[in-house]
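Read the structure below first, then the notes.
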Amino acid sequence: MKDFLRAEVYFLRKDVAFKSITVLFALASLGLAVALGRIGGYALSSPIEPLRTAVSFSIFLYFIIPMFICFFITEGFEYGSVQNIIALGQSRQGYILGKYLLGVVVILWWLLQFFGLFLIVYLSAALITGSPVGHETTAEDISTAMRAVGLNILYLAAYSAVVMMLGVMIRKAASAIVATLFFVFGNFLLTGYLQGTSSAFLRLLSDHALMTQIMKFSGMYVENSQVILLTGTSDYVRAVLIPVIVIIVCLTTALLSLEKRDIHI
């Protein structure tokens with residue numbers, strides 16, 4: 001397992017797509033901080049305020065990271081390396097879990113980069129321009145921001161589990177990318193177009209869609225001209241259970257698919 005993970009880390013370090021997305025997120029953090037500062041100034045009520053702002057823009061990560069995860073899981077089937085890895089003694093279960101864990105590590109790195117760089121740039125700009133930085137930070141502010149960051153990690157992990165399942169079942173990069181696009185945009189449409197449906201079933205589906213929960217903890221879910229946030233304990237329990245169930249179901253399905261089907265390239 002260690003040799004497999006070491007080889008995959010080496011692959012990631014050399015991967016052009018990984019490097020390109022890393023640069024993209026760095027530029028996005030920098031550009032977003034500068035643009036928002038020019039529009040509204042760099043005055044802050046508390047040092048944690050930029051982090052809360054960055055969370056509301058994190059939704060675009062869900063349109064990019066799943067694409068990379070799709071390439072990451074299907075490259076083994078596309079180029080035949082999965083056959084060699086398993087032939088050398090790596091179990092299929094270890095292969096799936098290893099790929100998934102590395103995908104989660106990549107997610108952690110990109111989120112740390114996106115949020116961290118945005119926070120550093122915004123605070124630095126505030127100090128350089130002499131903008132006031134208040135000290136009204138409360139434990140609740142920090143807790144809310146940290147919960148949002150943690151939920152982003154969990155939901156991106158859920159998206160990755162779905163994409164990994166699709167990749168293992170389809171095994172062709174081009175077809176898997178199309179399926180991933182359908183999933184990503186389909187989930188987005190579930191939130192938007194089914195929001196006001198009269199059907200109880202479709203309404204239930206929309207309320208429990210991954211993107212619905214993401215938009216709620218990001219402060220972007222609007223219903224009847226009101227912003228709907230996660231508030232009570234039941235909201236947070238549901239927000240955690242939904243992606244956890246998705247991860248368990250999708251990883252189990254991916255593992256069963258890989259175990260029961262022969263690997264033909």
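Letters for chains follow the order of the structure tokens (A, B, ...), residue numbers begin at 1 for each chain, and ligand numbers begin at 1 in the order shown.
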### Task
Output as a PyMOL selection string all residues of range 1-73 of chain A that backbone DSSP marks as helix (DSSP H, G or I).
chain A and resi 2-14+16-40+49-56+58-63+65-73
### Task
Would you list the contacts of Arg6 in chain A as a PyMOL selection string, taking every protein, DNA or RNA residue within 12 Å and counting only C-alpha atoms, but skipping same-chain residues closer than 5 positions in sequence?
chain A and resi 1+11-13+98-99+102
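Distances to Thr22 in chain A were evaluated for A:Tyr236, A:Tyr10, A:Phe63, A:Trp109 using only C-alpha atoms, and the minimum falls at A:Trp109.
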#### Entry: In range 10-255 of chain A, DSSP strand (DSSP E or B) residues written as a count of residues only
6
### Message
At a cut-off of 6 Å, using only C-alpha atoms, what residues contact range 64-76 of chain A? Leave out same-chain residues fewer than 3 positions from it and give the result as a ChimeraX atom specification.
### Response
/A:61,79-82,160,163,167,171,173
At a cut-off of 12 Å, using only C-alpha atoms, what residues contact range 48-54 of chain A? Leave out same-chain residues fewer than 2 positions from it and give the result as a PDB file with N, CA and C atoms, in the first residue's frame.
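File selection-v5.pdb, as written:
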```pdb
ATOM      1  N   ALA A  28      -7.133  32.564  -8.759  1.00  0.00           N
ATOM      2  CA  ALA A  28      -8.519  32.884  -8.403  1.00  0.00           C
ATOM      3  C   ALA A  28      -8.583  33.545  -7.028  1.00  0.00           C
ATOM      4  N   SER A  29      -7.830  33.022  -6.070  1.00  0.00           N
ATOM      5  CA  SER A  29      -7.803  33.611  -4.728  1.00  0.00           C
ATOM      6  C   SER A  29      -7.271  35.037  -4.775  1.00  0.00           C
ATOM      7  N   LEU A  30      -6.168  35.202  -5.489  1.00  0.00           N
ATOM      8  CA  LEU A  30      -5.553  36.524  -5.600  1.00  0.00           C
ATOM      9  C   LEU A  30      -6.480  37.505  -6.314  1.00  0.00           C
ATOM     10  N   GLY A  31      -7.016  37.085  -7.457  1.00  0.00           N
ATOM     11  CA  GLY A  31      -7.885  37.965  -8.235  1.00  0.00           C
ATOM     12  C   GLY A  31      -9.165  38.319  -7.500  1.00  0.00           C
ATOM     13  N   LEU A  32      -9.742  37.338  -6.802  1.00  0.00           N
ATOM     14  CA  LEU A  32     -10.980  37.576  -6.069  1.00  0.00           C
ATOM     15  C   LEU A  32     -10.758  38.562  -4.925  1.00  0.00           C
ATOM     16  N   ALA A  33      -9.658  38.398  -4.206  1.00  0.00           N
ATOM     17  CA  ALA A  33      -9.360  39.306  -3.097  1.00  0.00           C
ATOM     18  C   ALA A  33      -9.156  40.732  -3.596  1.00  0.00           C
ATOM     19  N   VAL A  34      -8.424  40.884  -4.690  1.00  0.00           N
ATOM     20  CA  VAL A  34      -8.167  42.217  -5.247  1.00  0.00           C
ATOM     21  C   VAL A  34      -9.456  42.836  -5.780  1.00  0.00           C
ATOM     22  N   LEU A  36     -12.660  42.187  -5.000  1.00  0.00           N
ATOM     23  CA  LEU A  36     -13.602  42.545  -3.938  1.00  0.00           C
ATOM     24  C   LEU A  36     -13.120  43.774  -3.172  1.00  0.00           C
ATOM     25  N   GLY A  37     -11.809  43.867  -2.989  1.00  0.00           N
ATOM     26  CA  GLY A  37     -11.265  45.028  -2.300  1.00  0.00           C
ATOM     27  C   GLY A  37     -11.468  46.313  -3.076  1.00  0.00           C
ATOM     28  N   GLY A  41     -13.749  48.077  -0.903  1.00  0.00           N
ATOM     29  CA  GLY A  41     -12.729  48.496   0.045  1.00  0.00           C
ATOM     30  C   GLY A  41     -12.267  47.332   0.908  1.00  0.00           C
ATOM     31  N   TYR A  42     -11.195  47.547   1.646  1.00  0.00           N
ATOM     32  CA  TYR A  42     -10.605  46.478   2.449  1.00  0.00           C
ATOM     33  C   TYR A  42     -10.918  46.609   3.942  1.00  0.00           C
ATOM     34  N   ALA A  43     -11.827  47.510   4.282  1.00  0.00           N
ATOM     35  CA  ALA A  43     -12.195  47.665   5.692  1.00  0.00           C
ATOM     36  C   ALA A  43     -12.855  46.382   6.195  1.00  0.00           C
ATOM     37  N   LEU A  44     -12.452  45.949   7.387  1.00  0.00           N
ATOM     38  CA  LEU A  44     -12.946  44.695   7.949  1.00  0.00           C
ATOM     39  C   LEU A  44     -13.447  44.913   9.371  1.00  0.00           C
ATOM     40  N   SER A  45     -14.519  44.225   9.689  1.00  0.00           N
ATOM     41  CA  SER A  45     -15.018  44.290  11.062  1.00  0.00           C
ATOM     42  C   SER A  45     -14.240  43.345  11.972  1.00  0.00           C
ATOM     43  N   SER A  46     -13.629  42.318  11.364  1.00  0.00           N
ATOM     44  CA  SER A  46     -12.827  41.367  12.127  1.00  0.00           C
ATOM     45  C   SER A  46     -11.861  40.666  11.185  1.00  0.00           C
ATOM     46  N   SER A  56     -18.327  31.901   0.637  1.00  0.00           N
ATOM     47  CA  SER A  56     -19.475  32.138  -0.242  1.00  0.00           C
ATOM     48  C   SER A  56     -19.116  31.998  -1.715  1.00  0.00           C
ATOM     49  N   PHE A  57     -17.820  32.026  -2.039  1.00  0.00           N
ATOM     50  CA  PHE A  57     -17.385  31.875  -3.425  1.00  0.00           C
ATOM     51  C   PHE A  57     -16.823  30.477  -3.707  1.00  0.00           C
ATOM     52  N   SER A  58     -16.887  29.604  -2.730  1.00  0.00           N
ATOM     53  CA  SER A  58     -16.281  28.282  -2.886  1.00  0.00           C
ATOM     54  C   SER A  58     -17.079  27.367  -3.803  1.00  0.00           C
ATOM     55  N   ILE A  59     -18.271  27.795  -4.197  1.00  0.00           N
ATOM     56  CA  ILE A  59     -19.126  26.922  -5.001  1.00  0.00           C
ATOM     57  C   ILE A  59     -18.483  26.565  -6.337  1.00  0.00           C
ATOM     58  N   PHE A  60     -17.633  27.458  -6.874  1.00  0.00           N
ATOM     59  CA  PHE A  60     -17.030  27.167  -8.175  1.00  0.00           C
ATOM     60  C   PHE A  60     -16.040  26.001  -8.090  1.00  0.00           C
ATOM     61  N   LEU A  61     -15.583  25.676  -6.882  1.00  0.00           N
ATOM     62  CA  LEU A  61     -14.689  24.531  -6.715  1.00  0.00           C
ATOM     63  C   LEU A  61     -15.369  23.229  -7.122  1.00  0.00           C
ATOM     64  N   LEU A 111      -8.184  23.422  -0.905  1.00  0.00           N
ATOM     65  CA  LEU A 111      -8.992  24.276  -0.032  1.00  0.00           C
ATOM     66  C   LEU A 111      -8.104  25.138   0.859  1.00  0.00           C
ATOM     67  N   LEU A 112      -7.049  24.536   1.393  1.00  0.00           N
ATOM     68  CA  LEU A 112      -6.105  25.300   2.208  1.00  0.00           C
ATOM     69  C   LEU A 112      -5.490  26.427   1.391  1.00  0.00           C
ATOM     70  N   GLN A 113      -5.152  26.113   0.160  1.00  0.00           N
ATOM     71  CA  GLN A 113      -4.563  27.121  -0.714  1.00  0.00           C
ATOM     72  C   GLN A 113      -5.567  28.226  -1.032  1.00  0.00           C
ATOM     73  N   PHE A 114      -6.775  27.846  -1.412  1.00  0.00           N
ATOM     74  CA  PHE A 114      -7.781  28.827  -1.826  1.00  0.00           C
ATOM     75  C   PHE A 114      -8.174  29.748  -0.673  1.00  0.00           C
ATOM     76  N   PHE A 115      -8.566  29.153   0.455  1.00  0.00           N
ATOM     77  CA  PHE A 115      -8.999  29.960   1.595  1.00  0.00           C
ATOM     78  C   PHE A 115      -7.830  30.687   2.253  1.00  0.00           C
ATOM     79  N   GLY A 116      -6.716  29.976   2.413  1.00  0.00           N
ATOM     80  CA  GLY A 116      -5.564  30.574   3.082  1.00  0.00           C
ATOM     81  C   GLY A 116      -4.985  31.743   2.315  1.00  0.00           C
ATOM     82  N   LEU A 117      -4.812  31.573   1.007  1.00  0.00           N
ATOM     83  CA  LEU A 117      -4.243  32.649   0.197  1.00  0.00           C
ATOM     84  C   LEU A 117      -5.180  33.849   0.147  1.00  0.00           C
ATOM     85  N   PHE A 118      -6.484  33.578   0.038  1.00  0.00           N
ATOM     86  CA  PHE A 118      -7.454  34.676   0.025  1.00  0.00           C
ATOM     87  C   PHE A 118      -7.375  35.473   1.326  1.00  0.00           C
ATOM     88  N   LEU A 119      -7.313  34.768   2.449  1.00  0.00           N
ATOM     89  CA  LEU A 119      -7.247  35.430   3.756  1.00  0.00           C
ATOM     90  C   LEU A 119      -5.974  36.257   3.885  1.00  0.00           C
ATOM     91  N   ILE A 120      -4.844  35.684   3.473  1.00  0.00           N
ATOM     92  CA  ILE A 120      -3.558  36.384   3.585  1.00  0.00           C
ATOM     93  C   ILE A 120      -3.530  37.623   2.695  1.00  0.00           C
ATOM     94  N   VAL A 121      -3.973  37.468   1.450  1.00  0.00           N
ATOM     95  CA  VAL A 121      -3.957  38.595   0.509  1.00  0.00           C
ATOM     96  C   VAL A 121      -4.881  39.712   0.979  1.00  0.00           C
ATOM     97  N   TYR A 122      -6.066  39.348   1.444  1.00  0.00           N
ATOM     98  CA  TYR A 122      -7.040  40.360   1.863  1.00  0.00           C
ATOM     99  C   TYR A 122      -6.542  41.122   3.091  1.00  0.00           C
ATOM    100  N   LEU A 123      -6.032  40.395   4.078  1.00  0.00           N
ATOM    101  CA  LEU A 123      -5.524  41.056   5.280  1.00  0.00           C
ATOM    102  C   LEU A 123      -4.297  41.908   4.961  1.00  0.00           C
ATOM    103  N   SER A 124      -3.439  41.401   4.087  1.00  0.00           N
ATOM    104  CA  SER A 124      -2.243  42.166   3.703  1.00  0.00           C
ATOM    105  C   SER A 124      -2.634  43.448   2.986  1.00  0.00           C
ATOM    106  N   ALA A 125      -3.617  43.348   2.093  1.00  0.00           N
ATOM    107  CA  ALA A 125      -4.077  44.534   1.366  1.00  0.00           C
ATOM    108  C   ALA A 125      -4.690  45.549   2.320  1.00  0.00           C
ATOM    109  N   ALA A 126      -5.420  45.061   3.321  1.00  0.00           N
ATOM    110  CA  ALA A 126      -6.019  45.966   4.302  1.00  0.00           C
ATOM    111  C   ALA A 126      -4.942  46.716   5.080  1.00  0.00           C
ATOM    112  N   VAL A 133      -9.132  47.491  10.423  1.00  0.00           N
ATOM    113  CA  VAL A 133      -9.411  46.078  10.687  1.00  0.00           C
ATOM    114  C   VAL A 133      -9.904  45.977  12.126  1.00  0.00           C
ATOM    115  N   GLY A 134     -11.185  45.698  12.276  1.00  0.00           N
ATOM    116  CA  GLY A 134     -11.768  45.637  13.609  1.00  0.00           C
ATOM    117  C   GLY A 134     -11.364  44.382  14.361  1.00  0.00           C
ATOM    118  N   HIS A 135     -11.753  44.339  15.598  1.00  0.00           N
ATOM    119  CA  HIS A 135     -11.432  43.188  16.447  1.00  0.00           C
ATOM    120  C   HIS A 135     -12.713  42.638  17.077  1.00  0.00           C
ATOM    121  N   GLU A 136     -13.754  42.563  16.251  1.00  0.00           N
ATOM    122  CA  GLU A 136     -15.047  42.119  16.755  1.00  0.00           C
ATOM    123  C   GLU A 136     -15.253  40.614  16.584  1.00  0.00           C
ATOM    124  N   THR A 137     -14.164  39.902  16.384  1.00  0.00           N
ATOM    125  CA  THR A 137     -14.269  38.457  16.186  1.00  0.00           C
ATOM    126  C   THR A 137     -14.813  37.780  17.440  1.00  0.00           C
ATOM    127  N   THR A 138     -15.810  36.950  17.241  1.00  0.00           N
ATOM    128  CA  THR A 138     -16.381  36.193  18.351  1.00  0.00           C
ATOM    129  C   THR A 138     -16.156  34.707  18.114  1.00  0.00           C
ATOM    130  N   ALA A 139     -16.354  33.944  19.159  1.00  0.00           N
ATOM    131  CA  ALA A 139     -16.213  32.493  19.032  1.00  0.00           C
ATOM    132  C   ALA A 139     -17.208  31.941  18.022  1.00  0.00           C
ATOM    133  N   GLU A 140     -18.385  32.564  17.956  1.00  0.00           N
ATOM    134  CA  GLU A 140     -19.405  32.122  17.005  1.00  0.00           C
ATOM    135  C   GLU A 140     -18.968  32.383  15.568  1.00  0.00           C
ATOM    136  N   ASP A 141     -18.313  33.528  15.325  1.00  0.00           N
ATOM    137  CA  ASP A 141     -17.809  33.839  13.984  1.00  0.00           C
ATOM    138  C   ASP A 141     -16.790  32.795  13.535  1.00  0.00           C
ATOM    139  N   ILE A 142     -15.860  32.496  14.424  1.00  0.00           N
ATOM    140  CA  ILE A 142     -14.822  31.513  14.099  1.00  0.00           C
ATOM    141  C   ILE A 142     -15.442  30.137  13.886  1.00  0.00           C
ATOM    142  N   SER A 143     -16.382  29.775  14.756  1.00  0.00           N
ATOM    143  CA  SER A 143     -17.036  28.476  14.653  1.00  0.00           C
ATOM    144  C   SER A 143     -17.804  28.348  13.345  1.00  0.00           C
ATOM    145  N   THR A 144     -18.514  29.407  12.959  1.00  0.00           N
ATOM    146  CA  THR A 144     -19.290  29.381  11.714  1.00  0.00           C
ATOM    147  C   THR A 144     -18.378  29.224  10.507  1.00  0.00           C
ATOM    148  N   ALA A 145     -17.283  29.975  10.496  1.00  0.00           N
ATOM    149  CA  ALA A 145     -16.343  29.896   9.375  1.00  0.00           C
ATOM    150  C   ALA A 145     -15.699  28.518   9.296  1.00  0.00           C
ATOM    151  N   MET A 146     -15.302  27.975  10.442  1.00  0.00           N
ATOM    152  CA  MET A 146     -14.664  26.663  10.457  1.00  0.00           C
ATOM    153  C   MET A 146     -15.633  25.559  10.049  1.00  0.00           C
ATOM    154  N   ARG A 147     -16.890  25.694  10.467  1.00  0.00           N
ATOM    155  CA  ARG A 147     -17.896  24.702  10.063  1.00  0.00           C
ATOM    156  C   ARG A 147     -18.085  24.720   8.552  1.00  0.00           C
ATOM    157  N   ALA A 148     -18.111  25.917   7.984  1.00  0.00           N
ATOM    158  CA  ALA A 148     -18.289  26.033   6.535  1.00  0.00           C
ATOM    159  C   ALA A 148     -17.118  25.412   5.786  1.00  0.00           C
ATOM    160  N   VAL A 149     -15.908  25.655   6.266  1.00  0.00           N
ATOM    161  CA  VAL A 149     -14.722  25.058   5.635  1.00  0.00           C
ATOM    162  C   VAL A 149     -14.765  23.536   5.772  1.00  0.00           C
ATOM    163  N   ASN A 152     -17.266  22.065   3.437  1.00  0.00           N
ATOM    164  CA  ASN A 152     -16.746  22.060   2.064  1.00  0.00           C
ATOM    165  C   ASN A 152     -15.865  20.836   1.828  1.00  0.00           C
ATOM    166  N   PHE A 217     -24.959  26.267   3.446  1.00  0.00           N
ATOM    167  CA  PHE A 217     -23.873  26.625   4.360  1.00  0.00           C
ATOM    168  C   PHE A 217     -22.921  27.653   3.753  1.00  0.00           C
ATOM    169  N   SER A 218     -23.075  27.912   2.441  1.00  0.00           N
ATOM    170  CA  SER A 218     -22.282  28.964   1.806  1.00  0.00           C
ATOM    171  C   SER A 218     -23.003  30.306   1.817  1.00  0.00           C
ATOM    172  N   GLY A 219     -24.250  30.307   2.291  1.00  0.00           N
ATOM    173  CA  GLY A 219     -25.015  31.547   2.353  1.00  0.00           C
ATOM    174  C   GLY A 219     -25.553  32.001   1.018  1.00  0.00           C
ATOM    175  N   MET A 220     -25.783  31.055   0.092  1.00  0.00           N
ATOM    176  CA  MET A 220     -26.234  31.412  -1.254  1.00  0.00           C
ATOM    177  C   MET A 220     -27.606  30.847  -1.596  1.00  0.00           C
TER     178      MET A 220
END
```
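The space separating CA of Tyr155 in chain A from CA of Phe25 in chain A comes to 18.1 Å.
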List every residue of range 157-212 of chain A that has an atom at most 7 Å from any atom of range 244-257 of chain A, and for each one report the closest atom pair and its distance in Å to one decimal, counting only C-alpha atoms, with rows sorted by chain and then by increasing residue number, as CSV.
```
residue,atom,partner,partner_atom,distance
A:Ala158,CA,A:Ile247,CA,5.1
A:Ala161,CA,A:Ile247,CA,5.4
A:Val162,CA,A:Cys250,CA,5.6
A:Met164,CA,A:Ala254,CA,7.0
A:Met165,CA,A:Ala254,CA,4.5
A:Val168,CA,A:Ala254,CA,5.9
A:Met169,CA,A:Ser257,CA,6.3
```
### Pairwise distance for CA of Gln93 in chain A and CA of Arg238 in chain A, rounded to one decimal in Å
28.7 Å
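Across the structure, CA of Leu154 in chain A and CA of Tyr62 in chain A are spaced 11.9 Å apart.
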